[in-house]
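Peer 1: I'm passing along entry.pdb; it holds PDB, C-alpha atoms.
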```
ATOM      1  CA  MET Y  25      16.276   3.882 -47.057
ATOM      2  CA  LYS Y  26      14.496   1.112 -45.217
ATOM      3  CA  HIS Y  27      17.180   1.227 -42.556
ATOM      4  CA  LEU Y  28      16.706   4.971 -42.066
ATOM      5  CA  HIS Y  29      12.965   4.520 -41.709
ATOM      6  CA  SER Y  30      13.302   2.031 -38.857
ATOM      7  CA  THR Y  31      15.712   4.382 -37.065
ATOM      8  CA  LEU Y  32      13.151   7.166 -37.301
ATOM      9  CA  ASN Y  33      10.448   4.895 -35.946
ATOM     10  CA  MET Y  34      12.646   3.975 -33.033
ATOM     11  CA  ALA Y  35      13.365   7.645 -32.326
ATOM     12  CA  GLU Y  36       9.642   8.365 -32.379
ATOM     13  CA  ALA Y  37       8.964   5.405 -30.117
ATOM     14  CA  THR Y  38      11.653   6.584 -27.698
ATOM     15  CA  GLN Y  39      10.123  10.044 -27.654
ATOM     16  CA  SER Y  40       6.579   8.794 -27.062
ATOM     17  CA  ASN Y  41       7.913   6.476 -24.323
ATOM     18  CA  ALA Y  42       9.620   9.453 -22.688
ATOM     19  CA  GLU Y  43       6.337  11.395 -22.782
ATOM     20  CA  LEU Y  44       4.421   8.402 -21.491
ATOM     21  CA  LEU Y  45       6.841   7.980 -18.595
ATOM     22  CA  GLU Y  46       6.008  11.546 -17.486
ATOM     23  CA  TRP Y  47       2.337  10.553 -17.082
ATOM     24  CA  PRO Y  48       2.459   9.170 -13.502
ATOM     25  CA  LYS Y  49       3.847  12.502 -12.244
ATOM     26  CA  LYS Y  50       1.016  14.462 -13.912
ATOM     27  CA  ASP Y  51      -1.713  11.985 -13.006
ATOM     28  CA  LYS Y  52      -4.027  12.531 -10.031
ATOM     29  CA  ARG Y  53      -2.871   9.718  -7.797
ATOM     30  CA  ARG Y  54      -3.599   8.887  -4.201
ATOM     31  CA  PHE Y  55      -3.547   5.859  -1.934
ATOM     32  CA  LEU Y  56      -7.137   4.528  -1.758
ATOM     33  CA  HIS Y  57      -6.939   1.392   0.375
ATOM     34  CA  VAL Y  58      -4.835  -1.582   1.385
ATOM     35  CA  VAL Y  59      -6.367  -5.036   0.998
ATOM     36  CA  TYR Y  60      -5.662  -8.030   3.225
ATOM     37  CA  ARG Y  61      -7.333 -11.174   4.499
ATOM     38  CA  VAL Y  62      -8.647 -11.860   7.987
ATOM     39  CA  GLY Y  63     -10.008 -14.981   9.674
ATOM     40  CA  ASP Y  64     -13.013 -13.374  11.391
ATOM     41  CA  LEU Y  65     -14.453 -10.138  10.038
ATOM     42  CA  ASP Y  66     -16.443  -9.127  13.134
ATOM     43  CA  ARG Y  67     -13.509  -9.793  15.465
ATOM     44  CA  THR Y  68     -11.260  -7.472  13.400
ATOM     45  CA  ILE Y  69     -13.953  -4.797  13.033
ATOM     46  CA  LYS Y  70     -14.422  -4.821  16.824
ATOM     47  CA  PHE Y  71     -10.668  -4.529  17.414
ATOM     48  CA  TYR Y  72     -10.120  -1.712  14.875
ATOM     49  CA  THR Y  73     -13.106   0.333  16.020
ATOM     50  CA  GLU Y  74     -12.639  -0.150  19.782
ATOM     51  CA  CYS Y  75      -8.830  -0.193  20.000
ATOM     52  CA  PHE Y  76      -7.722   1.998  17.107
ATOM     53  CA  GLY Y  77     -10.749   4.288  16.898
ATOM     54  CA  MET Y  78     -11.421   3.515  13.230
ATOM     55  CA  LYS Y  79     -14.911   3.808  11.761
ATOM     56  CA  LEU Y  80     -16.651   1.039   9.836
ATOM     57  CA  LEU Y  81     -17.283   2.741   6.478
ATOM     58  CA  ARG Y  82     -18.973  -0.017   4.483
ATOM     59  CA  LYS Y  83     -19.458  -3.749   4.505
ATOM     60  CA  ARG Y  84     -20.602  -6.121   1.785
ATOM     61  CA  ASP Y  85     -21.272  -9.820   1.683
ATOM     62  CA  ILE Y  86     -21.043 -11.726  -1.592
ATOM     63  CA  PRO Y  87     -22.389 -15.211  -0.777
ATOM     64  CA  GLU Y  88     -22.243 -16.483  -4.360
ATOM     65  CA  GLU Y  89     -18.476 -15.775  -4.357
ATOM     66  CA  LYS Y  90     -18.147 -16.983  -0.731
ATOM     67  CA  TYR Y  91     -16.489 -13.854   0.637
ATOM     68  CA  ALA Y  92     -17.251 -10.658   2.524
ATOM     69  CA  ASN Y  93     -15.484  -7.274   2.688
ATOM     70  CA  ALA Y  94     -15.336  -4.492   5.224
ATOM     71  CA  PHE Y  95     -13.797  -1.043   4.757
ATOM     72  CA  LEU Y  96     -12.542   0.811   7.829
ATOM     73  CA  GLY Y  97     -10.618   4.031   8.306
ATOM     74  CA  PHE Y  98     -10.325   7.379  10.059
ATOM     75  CA  GLY Y  99     -12.385   9.371   7.560
ATOM     76  CA  PRO Y 100     -14.469   9.043   4.390
ATOM     77  CA  GLU Y 101     -13.030   7.015   1.509
ATOM     78  CA  GLN Y 102     -13.361  10.026  -0.805
ATOM     79  CA  SER Y 103     -10.456  11.644   1.045
ATOM     80  CA  HIS Y 104      -8.807   9.042   3.307
ATOM     81  CA  PHE Y 105      -6.674   5.934   2.997
ATOM     82  CA  VAL Y 106      -8.566   2.960   4.455
ATOM     83  CA  VAL Y 107      -8.223  -0.781   5.036
ATOM     84  CA  GLU Y 108     -10.247  -3.262   3.022
ATOM     85  CA  LEU Y 109     -10.592  -6.505   4.940
ATOM     86  CA  THR Y 110     -11.444  -9.666   3.051
ATOM     87  CA  TYR Y 111     -13.045 -12.644   4.760
ATOM     88  CA  ASN Y 112     -13.187 -15.863   2.733
ATOM     89  CA  TYR Y 113     -15.913 -18.202   3.993
ATOM     90  CA  GLY Y 114     -14.492 -20.923   6.198
ATOM     91  CA  VAL Y 115     -10.876 -19.669   6.215
ATOM     92  CA  THR Y 116      -9.980 -18.772   9.794
ATOM     93  CA  SER Y 117      -6.255 -18.073   9.544
ATOM     94  CA  TYR Y 118      -3.559 -17.015   7.102
ATOM     95  CA  ASP Y 119       0.205 -17.072   6.788
ATOM     96  CA  ILE Y 120       1.508 -13.500   6.900
ATOM     97  CA  GLY Y 121       4.916 -14.508   5.540
ATOM     98  CA  THR Y 122       8.273 -12.832   6.155
ATOM     99  CA  GLY Y 123       7.989 -10.041   3.566
ATOM    100  CA  PHE Y 124       5.073  -8.078   4.981
ATOM    101  CA  GLY Y 125       6.181  -5.598   7.645
ATOM    102  CA  HIS Y 126       3.462  -3.478   9.226
ATOM    103  CA  PHE Y 127       0.775  -0.848   8.889
ATOM    104  CA  ALA Y 128       1.081   2.371  10.896
ATOM    105  CA  ILE Y 129      -1.286   4.679  12.731
ATOM    106  CA  ALA Y 130      -0.371   8.238  13.760
ATOM    107  CA  THR Y 131      -1.864   9.396  17.048
ATOM    108  CA  PRO Y 132      -1.333  12.420  19.331
ATOM    109  CA  ASP Y 133      -0.599  10.211  22.388
ATOM    110  CA  VAL Y 134       0.976   6.791  21.860
ATOM    111  CA  TYR Y 135       1.135   6.046  25.621
ATOM    112  CA  LYS Y 136      -2.593   6.620  26.065
ATOM    113  CA  LEU Y 137      -3.506   4.604  22.951
ATOM    114  CA  VAL Y 138      -1.383   1.680  24.154
ATOM    115  CA  GLU Y 139      -3.069   1.739  27.575
ATOM    116  CA  ASP Y 140      -6.505   1.680  25.876
ATOM    117  CA  ILE Y 141      -5.456  -1.242  23.666
ATOM    118  CA  ARG Y 142      -3.987  -3.118  26.633
ATOM    119  CA  ALA Y 143      -7.178  -2.598  28.653
ATOM    120  CA  LYS Y 144      -9.131  -4.199  25.796
ATOM    121  CA  GLY Y 145      -6.837  -7.236  25.708
ATOM    122  CA  GLY Y 146      -4.691  -6.183  22.764
ATOM    123  CA  ASN Y 147      -1.231  -7.616  22.164
ATOM    124  CA  ILE Y 148       1.511  -4.987  22.730
ATOM    125  CA  THR Y 149       4.708  -6.224  21.084
ATOM    126  CA  ARG Y 150       6.830  -3.121  21.763
ATOM    127  CA  GLU Y 151       6.157  -0.794  24.667
ATOM    128  CA  PRO Y 152       5.797   2.914  23.867
ATOM    129  CA  GLY Y 153       8.967   4.977  23.933
ATOM    130  CA  PRO Y 154      11.449   6.817  21.728
ATOM    131  CA  VAL Y 155      12.975   4.995  18.754
ATOM    132  CA  LYS Y 156      16.569   3.814  19.175
ATOM    133  CA  GLY Y 157      18.829   6.810  18.747
ATOM    134  CA  GLY Y 158      15.942   9.143  17.922
ATOM    135  CA  LYS Y 159      13.212  11.328  19.394
ATOM    136  CA  SER Y 160       9.989  10.084  17.835
ATOM    137  CA  VAL Y 161       7.793   8.025  20.149
ATOM    138  CA  ILE Y 162       6.473   4.741  18.801
ATOM    139  CA  ALA Y 163       4.963   1.425  19.912
ATOM    140  CA  PHE Y 164       3.971  -1.800  18.159
ATOM    141  CA  VAL Y 165       0.815  -3.863  18.587
ATOM    142  CA  LYS Y 166      -0.539  -6.920  16.808
ATOM    143  CA  ASP Y 167      -4.132  -7.281  15.683
ATOM    144  CA  PRO Y 168      -6.103 -10.543  16.187
ATOM    145  CA  ASP Y 169      -4.746 -12.038  12.927
ATOM    146  CA  GLY Y 170      -1.150 -11.169  13.791
ATOM    147  CA  TYR Y 171      -0.739  -8.115  11.534
ATOM    148  CA  ALA Y 172       1.700  -5.644  13.103
ATOM    149  CA  PHE Y 173       0.689  -2.004  13.560
ATOM    150  CA  GLU Y 174       3.233   0.645  14.411
ATOM    151  CA  LEU Y 175       1.788   3.493  16.476
ATOM    152  CA  ILE Y 176       3.563   6.790  15.807
ATOM    153  CA  GLN Y 177       3.209   9.915  17.942
ATOM    154  CA  ARG Y 178       2.209  12.964  15.860
ATOM    155  CA  SER Y 179       0.472  16.010  17.299
ATOM    156  CA  SER Y 180      -1.899  16.163  14.336
ATOM    157  CA  THR Y 181      -2.216  14.639  10.907
ATOM    158  CA  PRO Y 182      -4.771  14.696   8.086
ATOM    159  CA  GLU Y 183      -4.090  10.967   7.533
ATOM    160  CA  PRO Y 184      -3.781   8.754  10.639
ATOM    161  CA  LEU Y 185      -3.450   5.518   8.617
ATOM    162  CA  CYS Y 186      -0.023   6.524   7.449
ATOM    163  CA  GLN Y 187       2.177   3.572   6.400
ATOM    164  CA  VAL Y 188       2.314   0.243   4.647
ATOM    165  CA  MET Y 189       5.728  -1.341   5.191
ATOM    166  CA  LEU Y 190       6.989  -4.089   2.888
ATOM    167  CA  ARG Y 191      10.426  -5.728   2.703
ATOM    168  CA  VAL Y 192      12.282  -5.768  -0.600
ATOM    169  CA  GLY Y 193      15.398  -7.518  -1.907
ATOM    170  CA  ASP Y 194      16.966  -4.577  -3.769
ATOM    171  CA  LEU Y 195      16.051  -1.125  -2.496
ATOM    172  CA  GLU Y 196      17.416   0.925  -5.403
ATOM    173  CA  ARG Y 197      15.552  -1.231  -7.911
ATOM    174  CA  SER Y 198      12.317  -0.904  -5.929
ATOM    175  CA  ILE Y 199      12.646   2.863  -5.544
ATOM    176  CA  LYS Y 200      13.191   3.233  -9.281
ATOM    177  CA  PHE Y 201      10.245   0.917  -9.998
ATOM    178  CA  TYR Y 202       7.791   2.824  -7.793
ATOM    179  CA  GLU Y 203       8.996   6.250  -8.920
ATOM    180  CA  LYS Y 204       8.475   5.270 -12.541
ATOM    181  CA  THR Y 205       5.274   3.201 -12.327
ATOM    182  CA  LEU Y 206       3.422   5.125  -9.643
ATOM    183  CA  GLY Y 207       4.996   8.581  -9.714
ATOM    184  CA  LEU Y 208       5.848   8.220  -6.028
ATOM    185  CA  ARG Y 209       8.826  10.118  -4.678
ATOM    186  CA  VAL Y 210      11.239   9.335  -1.884
ATOM    187  CA  VAL Y 211      10.223  11.601   0.986
ATOM    188  CA  LYS Y 212      12.718  10.097   3.434
ATOM    189  CA  LYS Y 213      15.550   7.595   3.346
ATOM    190  CA  THR Y 214      17.423   6.258   6.357
ATOM    191  CA  ASP Y 215      20.364   3.885   6.435
ATOM    192  CA  ARG Y 216      21.082   2.175   9.755
ATOM    193  CA  PRO Y 217      24.323   0.199   9.232
ATOM    194  CA  GLU Y 218      24.465  -0.602  12.960
ATOM    195  CA  TYR Y 219      21.160  -2.511  12.592
ATOM    196  CA  LYS Y 220      21.958  -3.651   9.028
ATOM    197  CA  TYR Y 221      18.955  -2.121   7.281
ATOM    198  CA  THR Y 222      17.945   0.775   5.031
ATOM    199  CA  ILE Y 223      14.429   2.169   4.700
ATOM    200  CA  ALA Y 224      12.849   4.421   2.105
ATOM    201  CA  MET Y 225       9.510   6.183   2.504
ATOM    202  CA  LEU Y 226       7.689   6.882  -0.764
ATOM    203  CA  GLY Y 227       4.673   9.159  -0.995
ATOM    204  CA  TYR Y 228       2.767  11.801  -2.930
ATOM    205  CA  ALA Y 229       3.346  14.461  -0.238
ATOM    206  CA  GLU Y 230       5.467  14.914   2.877
ATOM    207  CA  GLU Y 231       5.568  12.012   5.327
ATOM    208  CA  HIS Y 232       3.627  13.704   8.152
ATOM    209  CA  GLU Y 233       0.685  14.676   5.923
ATOM    210  CA  THR Y 234       0.096  11.566   3.864
ATOM    211  CA  THR Y 235       0.280   7.793   3.585
ATOM    212  CA  VAL Y 236       3.671   6.412   2.624
ATOM    213  CA  LEU Y 237       4.843   3.130   1.225
ATOM    214  CA  GLU Y 238       7.778   2.188   3.443
ATOM    215  CA  LEU Y 239      10.261  -0.163   1.809
ATOM    216  CA  THR Y 240      12.786  -1.953   4.004
ATOM    217  CA  TYR Y 241      15.988  -3.528   2.804
ATOM    218  CA  ASN Y 242      17.763  -5.837   5.257
ATOM    219  CA  TYR Y 243      21.445  -6.191   4.349
ATOM    220  CA  GLY Y 244      22.038  -9.335   2.338
ATOM    221  CA  VAL Y 245      18.408 -10.539   2.313
ATOM    222  CA  THR Y 246      17.137 -10.695  -1.260
ATOM    223  CA  GLU Y 247      14.026 -12.859  -0.894
ATOM    224  CA  TYR Y 248      11.046 -13.131   1.419
ATOM    225  CA  THR Y 249       7.986 -15.335   1.611
ATOM    226  CA  LYS Y 250       4.773 -13.572   0.619
ATOM    227  CA  GLY Y 251       2.387 -15.751   2.620
ATOM    228  CA  ASN Y 252      -1.295 -15.569   1.648
ATOM    229  CA  ALA Y 253      -2.568 -12.891   4.038
ATOM    230  CA  TYR Y 254      -1.546  -9.496   2.678
ATOM    231  CA  ALA Y 255      -2.973  -8.779  -0.787
ATOM    232  CA  GLN Y 256      -2.286  -5.322  -2.288
ATOM    233  CA  VAL Y 257      -2.422  -1.547  -2.212
ATOM    234  CA  ALA Y 258      -4.963   0.296  -4.411
ATOM    235  CA  ILE Y 259      -4.108   3.680  -5.906
ATOM    236  CA  GLY Y 260      -6.345   6.049  -7.862
ATOM    237  CA  THR Y 261      -5.575   7.169 -11.428
ATOM    238  CA  ASP Y 262      -7.289   9.281 -14.089
ATOM    239  CA  ASP Y 263      -6.414   6.789 -16.837
ATOM    240  CA  VAL Y 264      -5.841   3.069 -16.213
ATOM    241  CA  TYR Y 265      -4.981   2.440 -19.873
ATOM    242  CA  LYS Y 266      -2.179   4.993 -20.029
ATOM    243  CA  SER Y 267      -0.978   3.929 -16.578
ATOM    244  CA  ALA Y 268      -0.782   0.281 -17.670
ATOM    245  CA  GLU Y 269       1.262   1.283 -20.723
ATOM    246  CA  VAL Y 270       3.760   2.952 -18.402
ATOM    247  CA  VAL Y 271       3.927  -0.118 -16.136
ATOM    248  CA  ASN Y 272       4.513  -2.249 -19.208
ATOM    249  CA  ILE Y 273       7.551  -0.182 -20.232
ATOM    250  CA  VAL Y 274       8.984  -0.140 -16.692
ATOM    251  CA  THR Y 275       8.624  -3.899 -16.131
ATOM    252  CA  GLN Y 276      10.715  -4.530 -19.246
ATOM    253  CA  GLU Y 277      13.544  -2.591 -17.630
ATOM    254  CA  LEU Y 278      13.211  -3.484 -13.944
ATOM    255  CA  GLY Y 279      11.115  -6.655 -13.664
ATOM    256  CA  GLY Y 280       7.622  -7.202 -12.295
ATOM    257  CA  LYS Y 281       4.603  -7.797 -14.535
ATOM    258  CA  ILE Y 282       1.036  -6.751 -15.298
ATOM    259  CA  THR Y 283      -1.355  -9.319 -13.804
ATOM    260  CA  ARG Y 284      -4.586  -7.755 -15.034
ATOM    261  CA  GLN Y 285      -4.867  -5.835 -18.287
ATOM    262  CA  PRO Y 286      -6.651  -2.479 -17.972
ATOM    263  CA  GLY Y 287     -10.428  -2.567 -18.287
ATOM    264  CA  PRO Y 288     -13.716  -2.658 -16.362
ATOM    265  CA  VAL Y 289     -14.350  -5.221 -13.615
ATOM    266  CA  PRO Y 290     -17.298  -7.427 -14.690
ATOM    267  CA  GLY Y 291     -20.462  -6.470 -12.812
ATOM    268  CA  LEU Y 292     -18.921  -3.351 -11.229
ATOM    269  CA  ASN Y 293     -17.783  -1.496 -14.356
ATOM    270  CA  THR Y 294     -14.965   0.115 -12.370
ATOM    271  CA  LYS Y 295     -11.869   0.267 -14.584
ATOM    272  CA  ILE Y 296      -8.733  -1.197 -13.032
ATOM    273  CA  THR Y 297      -5.342  -2.649 -13.888
ATOM    274  CA  SER Y 298      -3.008  -4.553 -11.578
ATOM    275  CA  PHE Y 299       0.662  -5.436 -11.519
ATOM    276  CA  LEU Y 300       3.431  -6.988  -9.452
ATOM    277  CA  ASP Y 301       6.650  -5.199  -8.536
ATOM    278  CA  PRO Y 302      10.039  -6.968  -8.957
ATOM    279  CA  ASP Y 303       9.602  -8.586  -5.496
ATOM    280  CA  GLY Y 304       6.087  -9.806  -6.281
ATOM    281  CA  TRP Y 305       4.159  -7.181  -4.263
ATOM    282  CA  LYS Y 306       0.883  -6.263  -5.914
ATOM    283  CA  THR Y 307      -0.605  -2.850  -6.742
ATOM    284  CA  VAL Y 308      -4.036  -2.166  -8.251
ATOM    285  CA  LEU Y 309      -4.721   1.083 -10.092
ATOM    286  CA  VAL Y 310      -8.367   2.186  -9.970
ATOM    287  CA  ASP Y 311     -10.094   4.792 -12.149
ATOM    288  CA  ASN Y 312     -10.765   7.850  -9.940
ATOM    289  CA  GLN Y 313     -14.227   8.673 -11.364
ATOM    290  CA  ASP Y 314     -15.376   5.045 -11.274
ATOM    291  CA  PHE Y 315     -14.184   4.763  -7.673
ATOM    292  CA  LEU Y 316     -16.249   7.768  -6.581
ATOM    293  CA  LYS Y 317     -19.301   6.358  -8.390
ATOM    294  CA  GLU Y 318     -18.800   3.066  -6.577
ATOM    295  CA  LEU Y 319     -18.867   4.926  -3.241
ATOM    296  CA  GLU Y 320     -22.192   6.592  -4.095
TER     297      GLU Y 320
END
```
Could you take the file, read its structure, and then write that structure out as structure tokens?
Peer 2:
Amino acid sequence: MKHLHSTLNMAEATQSNAELLEWPKKDKRRFLHVVYRVGDLDRTIKFYTECFGMKLLRKRDIPEEKYANAFLGFGPEQSHFVVELTYNYGVTSYDIGTGFGHFAIATPDVYKLVEDIRAKGGNITREPGPVKGGKSVIAFVKDPDGYAFELIQRSSTPEPLCQVMLRVGDLERSIKFYEKTLGLRVVKKTDRPEYKYTIAMLGYAEEHETTVLELTYNYGVTEYTKGNAYAQVAIGTDDVYKSAEVVNIVTQELGGKITRQPGPVPGLNTKITSFLDPDGWKTVLVDNQDFLKELE
């Protein structure tokens, strides 16, 4: 009898897990911001506003914690993906590492944007032109800290800040991890055997109308250095507690781990939870209502 009871419990647990794992797909999720560290806040703000045409949305200085933040983007944080720059007092440079790839900006005219950036002394690392074996026009530039930005030609887009690219050691594992933990779906996948890489774009809508997480797998490369420059992506959720339960289940199967249990941030009262993927890349989930309150 005892044996039967435990089997029933397991069946119930399996069923509630299955229901729980559906949660990320039902949840109201969107990319809120990407967080990374810079050596001079004003220098980066100047570059992003003058060269990229971003707007400075908010800025805060926290002297007792010895850091300052600035949020920049192409539209209000209520509806747009933005960058959150962190400046730590006295730290003027960071190691970007080999795992971080690039951010991307969609613009109607890549050639014109590159000329503007060049005129302002920006570093163009790939001249504008069509991608190898394709039609889309792109260019690459580096910001003052050495972060790469891909510029992608798109006639119009509701979200110009459109990519965060990270390198991973096992693409299938990563895709499964992000589908299950974040409810993201693969909106595009491209294998380029001639260049020995495969990429997958994951998003909550089609690639041209949203921000995607671009994961790159280079044949045979299973590990990268993380450096100390890039920090994390933040994504909105209606329930950090339920979301953390899902992450907990998925990490047991695929790796990764929760680094901050769900709950309010002291002093801010915004509820968050954070976790690492199997490669060690970090995601923070932020309560949607709390986030909007914070913006007010």
Peer 1: Go through Y:Thr261, Y:Ser40, Y:Thr240, Y:Thr283 one by one, measure the shortest atom-to-atom distance of each to Y:Ser298 using all atoms listed in the file, and give the residue with the smallest value.
Peer 2: Y:Thr283
Peer 1: Need to verify the contact set: stretch 128-139 of chain Y, 12 Å, all atoms listed in the file, exclusion of same-chain residues closer than 6 positions in sequence. Can you return it as an MDAnalysis selection string?
Peer 2: chainID Y and resid 58 72 74:78 97:98 105:107 145:154 160:167 171:190 231:238
Peer 1: Expressed in Å to a single decimal, how great is the separation between atom CA of Y:Val210 and atom CA of Y:Thr249?
Peer 2: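 These atoms are spaced 25.1 Å apart.
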Peer 1: Excluding Y:Asp169 and any residue of its chain fewer than 3 positions from it, enumerate the residues within 8 Å of it, using only C-alpha atoms, and give them as a VMD selection string.
Peer 2: chain Y and resid 62 to 63 68 117 to 118 166
Peer 1: Which neighbours of Y:Leu81 fall inside 8 Å, counting all atoms listed in the file, when residues of the same chain fewer than 6 positions from it are skipped, and could you give them as a PyMOL selection string?
Peer 2: chain Y and resi 94-97+100-101
Peer 1: Please report the interatomic distance between atom CA of Y:Tyr113 and atom CA of Y:Arg284 in Å with one decimal.
Peer 2: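 Atom CA of Y:Arg284 lies 24.5 Å from atom CA of Y:Tyr113.
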Peer 1: Identify, on the basis of only C-alpha atoms, every residue whose closest approach to Y:Glu320 does not exceed 12 Å; exclude the query and any residue fewer than 2 positions from it along the same chain; express the result as a list of chain:residue names.
Peer 2: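 Everything that qualifies: Y:Arg82, Y:Pro100, Y:Glu101, Y:Gln102, Y:Gln313, Y:Asp314, Y:Phe315, Y:Leu316, Y:Lys317, Y:Glu318.
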Peer 1: If we count only C-alpha atoms, what is near Y:Asp51 at a cut-off of 12 Å, once residues fewer than 5 positions away on the same chain are taken out, given as a ChimeraX atom specification?
Peer 2: /Y:44-46,205-208,228,259-264,266-267,270,309,311-312
Peer 1: Just how far from atom CA of Y:Gly291 is atom CA of Y:Ile86, in Å to one decimal?
Peer 2: 12.4 Å
Peer 1: From (0.2, -18.8, 6.2), in the file's coordinates, out to 6 Å: which residues are reached, counting only C-alpha atoms? Answer as a count of residues only.
Peer 2: 5
Peer 1: Kindly resolve the PyMOL selection byres ((chain Y and resi 277) around 12) on the present coordinates and return the residues as a PyMOL selection string.
Peer 2: chain Y and resi 197-198+200-201+204-205+270-276+278-281+301-302
Peer 1: Given only C-alpha atoms as the basis, pick out the residue of Y:Leu109, Y:Leu80, Y:Leu65, Y:Leu226 nearest to Y:Ala253.
Peer 2: Y:Leu109
Peer 1: Measuring atom to atom with only C-alpha atoms, identify which of Y:Val192, Y:Ala229, Y:Val310, Y:Val211 is nearest to Y:Val289.
Peer 2: Y:Val310
Peer 1: Using the chain letters and numbers from the file, which residues does the PyMOL selection byres ((chain Y and resi 215) around 12) grab, as a PyMOL selection string?
Peer 2: chain Y and resi 195+212-214+216-225+239-243
